[in-house]
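Okay, query-v4.txt is below, compact mmCIF, C-alpha atoms and all ligand atoms:
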```
# COMPACT_ATOMS: atom_id res chain seq x y z
CA MET A 3 -20.57 -23.28 -12.54
CA PRO A 4 -19.00 -21.27 -9.73
CA LYS A 5 -20.09 -17.63 -9.76
CA LYS A 6 -18.50 -14.43 -8.57
CA ALA A 7 -19.67 -13.51 -5.06
CA LYS A 8 -22.95 -11.60 -5.42
CA GLY A 9 -22.43 -7.85 -5.82
CA LYS A 10 -18.66 -8.10 -5.34
CA HIS A 11 -16.19 -6.73 -7.84
CA GLY A 12 -12.51 -7.16 -8.60
CA LEU A 13 -9.86 -7.67 -6.01
CA LEU A 14 -8.15 -5.27 -3.65
CA VAL A 15 -4.53 -6.15 -2.94
CA VAL A 16 -3.28 -4.37 0.18
CA ILE A 17 0.49 -4.27 0.63
CA SER A 18 2.16 -3.05 3.82
CA GLY A 19 5.65 -3.25 5.22
CA PRO A 20 8.22 -1.10 6.98
CA SER A 21 9.57 2.02 5.34
CA GLY A 22 12.48 1.14 3.04
CA VAL A 23 11.57 -2.56 2.66
CA GLY A 24 10.98 -2.00 -1.06
CA LYS A 25 7.17 -1.68 -1.36
CA SER A 26 7.24 0.98 -4.11
CA THR A 27 9.98 -0.86 -6.03
CA VAL A 28 8.20 -4.21 -5.90
CA VAL A 29 4.80 -2.65 -6.66
CA LYS A 30 6.24 -0.85 -9.70
CA LYS A 31 7.57 -4.16 -11.01
CA LEU A 32 4.24 -5.84 -10.30
CA LEU A 33 2.18 -3.15 -12.09
CA SER A 34 4.31 -3.41 -15.21
CA SER A 35 3.39 -7.10 -15.51
CA ASN A 36 -0.38 -6.75 -15.97
CA PRO A 37 -2.47 -3.79 -17.23
CA LYS A 38 -5.44 -4.96 -15.11
CA LEU A 39 -3.43 -4.03 -12.01
CA LYS A 40 -4.06 -0.41 -10.98
CA LEU A 41 -2.20 1.47 -8.27
CA SER A 42 -4.34 3.28 -5.73
CA ILE A 43 -2.76 6.74 -5.69
CA SER A 44 -3.02 8.14 -2.17
CA ALA A 45 -3.17 11.77 -1.15
CA THR A 46 -0.39 12.87 1.18
CA THR A 47 0.81 15.99 2.93
CA ARG A 48 4.42 14.72 2.70
CA PRO A 49 6.56 16.77 0.31
CA PRO A 50 7.51 14.94 -2.91
CA ARG A 51 10.90 13.19 -3.13
CA PRO A 52 13.07 14.14 -6.14
CA ASN A 53 12.02 11.06 -8.13
CA GLU A 54 8.29 11.38 -7.39
CA THR A 55 5.59 12.82 -9.64
CA HIS A 56 2.28 14.40 -8.60
CA ASN A 57 -0.72 12.18 -9.54
CA LYS A 58 1.58 9.27 -10.36
CA ASP A 59 3.20 8.37 -7.06
CA TYR A 60 0.92 10.39 -4.78
CA GLN A 61 -1.40 13.36 -4.93
CA PHE A 62 0.74 15.85 -3.00
CA VAL A 63 -1.66 18.16 -1.18
CA THR A 64 -1.63 20.77 1.59
CA GLU A 65 -3.03 19.91 5.02
CA GLU A 66 -5.96 22.20 4.26
CA GLU A 67 -6.79 20.29 1.06
CA PHE A 68 -6.30 16.96 2.83
CA PHE A 69 -8.77 17.75 5.60
CA ASP A 70 -11.21 19.30 3.15
CA ARG A 71 -11.27 15.92 1.34
CA GLU A 72 -11.55 14.12 4.66
CA LYS A 73 -14.58 16.24 5.69
CA LYS A 74 -16.22 15.49 2.36
CA GLY A 75 -15.84 11.75 3.05
CA MET A 76 -13.53 11.24 0.08
CA PHE A 77 -11.20 8.82 1.88
CA LEU A 78 -11.81 5.11 2.34
CA GLU A 79 -9.25 5.41 5.14
CA TRP A 80 -6.66 7.91 6.25
CA ALA A 81 -3.90 7.93 8.85
CA GLN A 82 -1.00 9.92 10.17
CA VAL A 83 2.23 8.08 9.35
CA HIS A 84 5.74 9.27 10.27
CA GLY A 85 4.40 12.81 10.88
CA TYR A 86 2.44 13.27 7.64
CA TYR A 87 -1.13 12.49 6.59
CA TYR A 88 -1.94 9.84 3.99
CA GLY A 89 -5.39 8.94 2.63
CA THR A 90 -6.86 6.42 0.19
CA SER A 91 -9.32 7.76 -2.40
CA LYS A 92 -12.66 5.99 -2.09
CA SER A 93 -13.93 6.90 -5.57
CA PHE A 94 -10.76 5.76 -7.35
CA ILE A 95 -10.94 2.33 -5.73
CA GLU A 96 -14.68 1.98 -6.40
CA ASP A 97 -14.32 3.00 -10.07
CA GLN A 98 -11.47 0.57 -10.70
CA LEU A 99 -13.21 -2.31 -8.95
CA LEU A 100 -16.38 -1.70 -10.99
CA LYS A 101 -14.22 -2.07 -14.11
CA ASN A 102 -13.14 -5.44 -12.64
CA ASN A 103 -9.59 -4.25 -12.29
CA ILE A 104 -7.29 -5.36 -9.52
CA VAL A 105 -6.39 -2.45 -7.25
CA VAL A 106 -3.03 -2.46 -5.50
CA SER A 107 -3.02 -0.33 -2.36
CA GLU A 108 0.21 0.42 -0.50
CA VAL A 109 -0.76 1.52 3.01
CA ASP A 110 0.63 1.35 6.53
CA VAL A 111 -0.63 -1.08 9.18
CA GLN A 112 -3.33 1.36 10.38
CA GLY A 113 -4.60 1.77 6.82
CA ALA A 114 -4.66 -1.99 6.25
CA ALA A 115 -6.70 -2.50 9.45
CA SER A 116 -9.18 0.20 8.37
CA ILE A 117 -9.53 -1.31 4.89
CA LYS A 118 -10.08 -4.76 6.38
CA GLU A 119 -12.90 -3.35 8.50
CA ALA A 120 -14.43 -1.42 5.57
CA VAL A 121 -14.44 -4.59 3.42
CA SER A 122 -15.90 -6.74 6.19
CA LEU A 123 -18.65 -4.16 6.82
CA GLY A 124 -19.42 -4.04 3.09
CA HIS A 125 -18.46 -0.36 2.76
CA VAL A 126 -16.46 -1.39 -0.26
CA LYS A 127 -17.83 -4.33 -2.21
CA THR A 128 -14.82 -6.43 -3.08
CA SER A 129 -12.64 -9.23 -1.90
CA ALA A 130 -9.36 -8.15 -0.38
CA VAL A 131 -6.05 -9.83 0.30
CA PHE A 132 -3.51 -8.47 2.77
CA ILE A 133 0.21 -8.92 2.09
CA PHE A 134 3.06 -7.87 4.38
CA LEU A 135 6.46 -7.33 2.80
CA ILE A 136 9.45 -7.96 5.08
CA PRO A 137 13.18 -7.40 4.58
CA PRO A 138 15.60 -10.36 4.71
CA SER A 139 16.93 -8.76 7.95
CA VAL A 140 16.68 -5.53 9.95
CA ASP A 141 20.29 -4.70 8.93
CA ILE A 142 19.34 -4.93 5.26
CA LEU A 143 16.32 -2.73 5.93
CA ALA A 144 18.55 -0.08 7.54
CA PHE A 145 20.97 -0.33 4.60
CA ARG A 146 18.19 0.14 2.01
CA LEU A 147 16.64 3.05 3.89
CA ARG A 148 20.00 4.85 4.17
CA ARG A 149 21.06 4.10 0.60
CA ARG A 150 17.82 5.65 -0.75
CA LYS A 151 19.10 8.96 0.68
CA THR A 152 15.64 10.53 0.78
CA GLU A 153 15.51 11.02 4.55
CA ASN A 154 18.06 12.45 6.99
CA GLU A 155 19.65 10.25 9.69
CA GLU A 156 17.17 11.37 12.36
CA VAL A 157 14.21 10.41 10.16
CA VAL A 158 15.89 7.13 9.16
CA ASN A 159 16.31 6.19 12.83
CA TYR A 160 12.71 7.14 13.57
CA ARG A 161 11.48 5.01 10.64
CA LEU A 162 13.65 2.07 11.79
CA ARG A 163 12.12 2.21 15.28
CA ALA A 164 8.65 2.32 13.68
CA ALA A 165 9.61 -0.71 11.54
CA ILE A 166 10.21 -2.84 14.64
CA ALA A 167 6.70 -1.95 15.88
CA GLU A 168 5.16 -2.63 12.45
CA LEU A 169 6.79 -6.06 12.26
CA GLN A 170 4.86 -7.04 15.41
CA VAL A 171 1.54 -7.00 13.56
CA MET A 172 2.52 -8.93 10.46
CA GLU A 173 0.67 -12.06 11.65
CA LYS A 174 -2.59 -10.20 11.00
CA TYR A 175 -1.88 -10.35 7.27
CA ASP A 176 -2.87 -13.18 4.92
CA TYR A 177 0.60 -13.53 3.40
CA ILE A 178 4.14 -12.55 4.37
CA VAL A 179 6.55 -12.07 1.45
CA VAL A 180 10.30 -11.57 1.92
CA ASN A 181 11.73 -8.91 -0.39
CA ASP A 182 15.12 -10.45 -1.02
CA LYS A 183 15.17 -9.97 -4.80
CA VAL A 184 12.66 -7.58 -6.41
CA ASP A 185 11.80 -10.03 -9.21
CA THR A 186 11.19 -12.92 -6.83
CA ALA A 187 9.02 -10.86 -4.47
CA SER A 188 6.99 -9.54 -7.42
CA GLU A 189 6.53 -13.09 -8.80
CA LYS A 190 5.35 -14.28 -5.39
CA ILE A 191 2.77 -11.50 -5.20
CA LYS A 192 1.60 -12.33 -8.74
CA ALA A 193 1.10 -15.95 -7.65
CA ILE A 194 -0.89 -14.79 -4.60
CA ILE A 195 -3.09 -12.60 -6.81
CA ASN A 196 -3.73 -15.49 -9.21
CA VAL A 197 -4.80 -17.75 -6.37
CA GLU A 198 -6.96 -15.04 -4.77
CA LYS A 199 -8.71 -14.34 -8.10
CA GLU A 200 -9.81 -17.99 -8.16
CA ARG A 201 -10.98 -17.73 -4.55
CA VAL A 202 -13.28 -14.85 -5.56
CA LEU A 203 -14.76 -17.06 -8.29
CA LEU A 204 -15.44 -19.87 -5.83
CA ASN A 205 -17.03 -17.66 -3.15
P1 LIG B 1 9.43 1.57 0.46
O1 LIG B 1 8.49 1.94 -0.64
O2 LIG B 1 9.04 0.29 1.15
O3 LIG B 1 9.69 2.65 1.46
P2 LIG B 1 11.47 1.61 -1.65
O4 LIG B 1 10.77 0.86 -2.75
O5 LIG B 1 11.61 3.09 -1.78
O6 LIG B 1 10.86 1.23 -0.21
O7 LIG B 1 12.92 0.93 -1.52
C1 LIG B 1 13.91 1.42 -0.60
C2 LIG B 1 15.30 1.29 -1.23
O8 LIG B 1 15.64 -0.09 -1.35
C3 LIG B 1 15.35 1.85 -2.66
O9 LIG B 1 16.60 2.49 -2.83
C4 LIG B 1 15.21 0.61 -3.55
O10 LIG B 1 15.85 0.79 -4.79
C5 LIG B 1 15.90 -0.46 -2.71
N1 LIG B 1 15.34 -1.82 -2.89
C6 LIG B 1 14.03 -2.20 -2.95
N2 LIG B 1 13.92 -3.54 -3.07
C7 LIG B 1 15.18 -4.05 -3.08
C8 LIG B 1 15.74 -5.38 -3.18
N3 LIG B 1 14.97 -6.45 -3.28
N4 LIG B 1 17.08 -5.50 -3.15
C9 LIG B 1 17.88 -4.40 -3.04
N5 LIG B 1 17.43 -3.13 -2.94
C10 LIG B 1 16.10 -2.94 -2.96
P1 LIG B 2 6.33 7.05 2.28
O1 LIG B 2 6.35 8.40 2.91
O2 LIG B 2 7.61 6.28 2.53
O3 LIG B 2 5.91 7.04 0.82
O4 LIG B 2 5.17 6.22 3.02
C1 LIG B 2 5.14 6.14 4.42
C2 LIG B 2 4.11 5.13 4.85
O5 LIG B 2 2.78 5.59 4.50
C3 LIG B 2 4.25 3.75 4.18
O6 LIG B 2 4.06 2.76 5.20
C4 LIG B 2 3.10 3.71 3.20
O7 LIG B 2 2.64 2.39 2.96
C5 LIG B 2 2.06 4.51 3.95
N1 LIG B 2 0.96 5.02 3.10
C6 LIG B 2 1.03 5.47 1.81
N2 LIG B 2 -0.19 5.83 1.38
C7 LIG B 2 -1.06 5.58 2.40
C8 LIG B 2 -2.48 5.74 2.56
O8 LIG B 2 -3.21 6.18 1.69
N3 LIG B 2 -2.98 5.40 3.77
C9 LIG B 2 -2.22 4.91 4.79
N4 LIG B 2 -2.84 4.59 5.93
N5 LIG B 2 -0.89 4.75 4.67
C10 LIG B 2 -0.32 5.08 3.49
```
Now, as a test, write the supplied structure out as structure tokens.
Amino acid sequence: MPKKAKGKHGLLVVISGPSGVGKSTVVKKLLSSNPKLKLSISATTRPPRPNETHNKDYQFVTEEEFFDREKKGMFLEWAQVHGYYYGTSKSFIEDQLLKNNIVVSEVDVQGAASIKEAVSLGHVKTSAVFIFLIPPSVDILAFRLRRRKTENEEVVNYRLRAAIAELQVMEKYDYIVVNDKVDTASEKIKAIINVEKERVLLN
């Protein structure tokens, strides 16, 4: 009988992609499909958007609180993204993985690289799969980012320039999923998770 890899727990699903591609939207759809999927709620110094809730979308913290947590080693990884700080809670991920849940982590390309290293060094005992979400085109990305109306034009342009740079590293991911329709992208990620769960069993 194939066994789970010794000492490893659950599965960590890391999702990256340019700002405005639809990560939060697709992840929300994905989470509603399976109660074993748990969102890793990051801490951030970015102010909340009107539709965001503290402790649900992010833990919105001051810079002082953020770096206090960082000094205490509470982050699995942290990075500065688009001028704000974002960090992944180590204890949340460890607790959920111990419960054999599947943790979905939405991080930028720096965060994904740090998580990959942490997993390969055994700092977090799990299998991980890295998924990069891309827009059907850069024009559609710009349209989605502007239509969201959560950033001013200067910030939108900055995020679009960053997107071009982020798209250069997508080959480092295990899977690339096009977010054309939310339902289709979510179904594709579900299929990836199902396959990856079997891979853990066969390790
Ligand atoms: P991200 O989390 O990647 O920054 P969001 O999930 O906030 O992106 O999505 C950006 C905007 O695009 C939102 O207004 C969202 O409703 C919209 N959106 C997301 N996915 C799609 C899609 N497949 N088709 C059309 N609009 C989408
Ligand atoms: P937003 O401000 O649009 O919510 O997120 C901006 C960027 O920060 C996105 O690329 C998102 O994936 C990334 N991000 C969110 N949480 C984290 C985190 O904990 N760590 C890292 N490295 N990036 C994060």
Worksheet item: Which polymer residues have any atom within 12 Å of an atom of Gly75 in chain A, counting only C-alpha atoms, with same-chain residues fewer than 2 positions away left out, as a ChimeraX atom specification?
Response: /A:68-73,77-80,89-93
Practice prompt. Choose the residue, out of A:Ser122, A:Ser42, A:Ser129, A:Thr27, that has the smallest atom-to-atom separation from ligand LIG 2 (chain B); count all atoms listed in the file.
Written response: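 Closest to ligand LIG 2 (chain B) of all the choices is A:Ser42.
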Item to complete: Residues within 10 Å of ligand LIG 1 (chain B) should be enumerated using all atoms listed in the file and returned as a VMD selection string.
Response: chain A and resid 17 to 30 108 to 109 135 to 138 142 to 152 161 180 to 188
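Our summary of the geometry notes that CA of Tyr60 in chain A is positioned 6.6 Å from CA of Thr46 in chain A.
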Kindly compute an axis-aligned box around the listed atoms of ligand LIG 2 (chain B), allowing 6 Å on each side, and express its centre and edge lengths in Å to one decimal as AutoDock Vina command-line options.
```
--center_x 2.2 --center_y 5.4 --center_z 3.4 --size_x 22.8 --size_y 18.0 --size_z 17.1
```
Worksheet entry | Atom-to-atom span, CA of Lys40 in chain A and CA of Val83 in chain A, Å | 22.9 Å
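Taking only C-alpha atoms into account, Glu156 in chain A lies nearest to A:His84 out of the set A:His84, A:Tyr177, A:Phe62, A:Asn103.
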Worksheet entry | Two-atom distance - CA of Val63 in chain A, atom C8 of ligand LIG 2 (chain B) (Å) |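 CA of Val63 in chain A sits 13.0 Å away from atom C8 of ligand LIG 2 (chain B).
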Item to complete: Compare A:Lys101, A:Arg48, A:Lys58, A:Lys192 by their minimum atom-to-atom distance to ligand LIG 2 (chain B), counting only C-alpha atoms and all ligand atoms, and give me the closest one.
Response: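 Of the candidates, the smallest distance to ligand LIG 2 (chain B) is held by A:Arg48.
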Practice prompt. Counting only C-alpha atoms and all ligand atoms, figure out which residue out of A:Val197, A:Ile178, A:Ala45, A:Val16 gets nearest to ligand LIG 2 (chain B).
Written response: A:Ala45
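Distances to ligand LIG 2 (chain B) were evaluated for A:Ala167, A:Ser107, A:Tyr160, A:Lys118 using only C-alpha atoms and all ligand atoms, and the minimum falls at A:Ser107.
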Discussion item. Considering all atoms listed in the file, can you say which of A:Asn53, A:Ser35, A:Ser116, A:Asn196 comes closest to ligand LIG 2 (chain B)?
Written reply: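 Residue with the minimum atom-to-atom distance to ligand LIG 2 (chain B): A:Ser116.
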Practice prompt. Would you list the contacts of Ala130 in chain A as a list of chain:residue names, taking every protein, DNA or RNA residue within 10 Å and counting only C-alpha atoms, but skipping same-chain residues closer than 6 positions in sequence?
Written response: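 The residues that qualify are A:Gly12, A:Leu13, A:Leu14, A:Val15, A:Val16, A:Ile104, A:Val105, A:Val106, A:Ile117, A:Lys118, A:Val121, A:Ser122, A:Asp176, A:Glu198, A:Lys199, A:Val202.
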So that I have them on file, write out the residues from the current selection with C-alpha atoms, as an mmCIF file, keeping the file's coordinate frame.
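Heads up, here's the output in result_7.cif:
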```
data_model
loop_
_atom_site.group_PDB
_atom_site.id
_atom_site.type_symbol
_atom_site.label_atom_id
_atom_site.label_comp_id
_atom_site.auth_asym_id
_atom_site.auth_seq_id
_atom_site.Cartn_x
_atom_site.Cartn_y
_atom_site.Cartn_z
ATOM 1 C CA GLY A 12 -12.510 -7.160 -8.600
ATOM 2 C CA LEU A 13 -9.860 -7.670 -6.010
ATOM 3 C CA LEU A 14 -8.150 -5.270 -3.650
ATOM 4 C CA VAL A 15 -4.530 -6.150 -2.940
ATOM 5 C CA VAL A 16 -3.280 -4.370 0.180
ATOM 6 C CA ILE A 104 -7.290 -5.360 -9.520
ATOM 7 C CA VAL A 105 -6.390 -2.450 -7.250
ATOM 8 C CA VAL A 106 -3.030 -2.460 -5.500
ATOM 9 C CA ILE A 117 -9.530 -1.310 4.890
ATOM 10 C CA LYS A 118 -10.080 -4.760 6.380
ATOM 11 C CA VAL A 121 -14.440 -4.590 3.420
ATOM 12 C CA SER A 122 -15.900 -6.740 6.190
ATOM 13 C CA ASP A 176 -2.870 -13.180 4.920
ATOM 14 C CA GLU A 198 -6.960 -15.040 -4.770
ATOM 15 C CA LYS A 199 -8.710 -14.340 -8.100
ATOM 16 C CA VAL A 202 -13.280 -14.850 -5.560
#
```
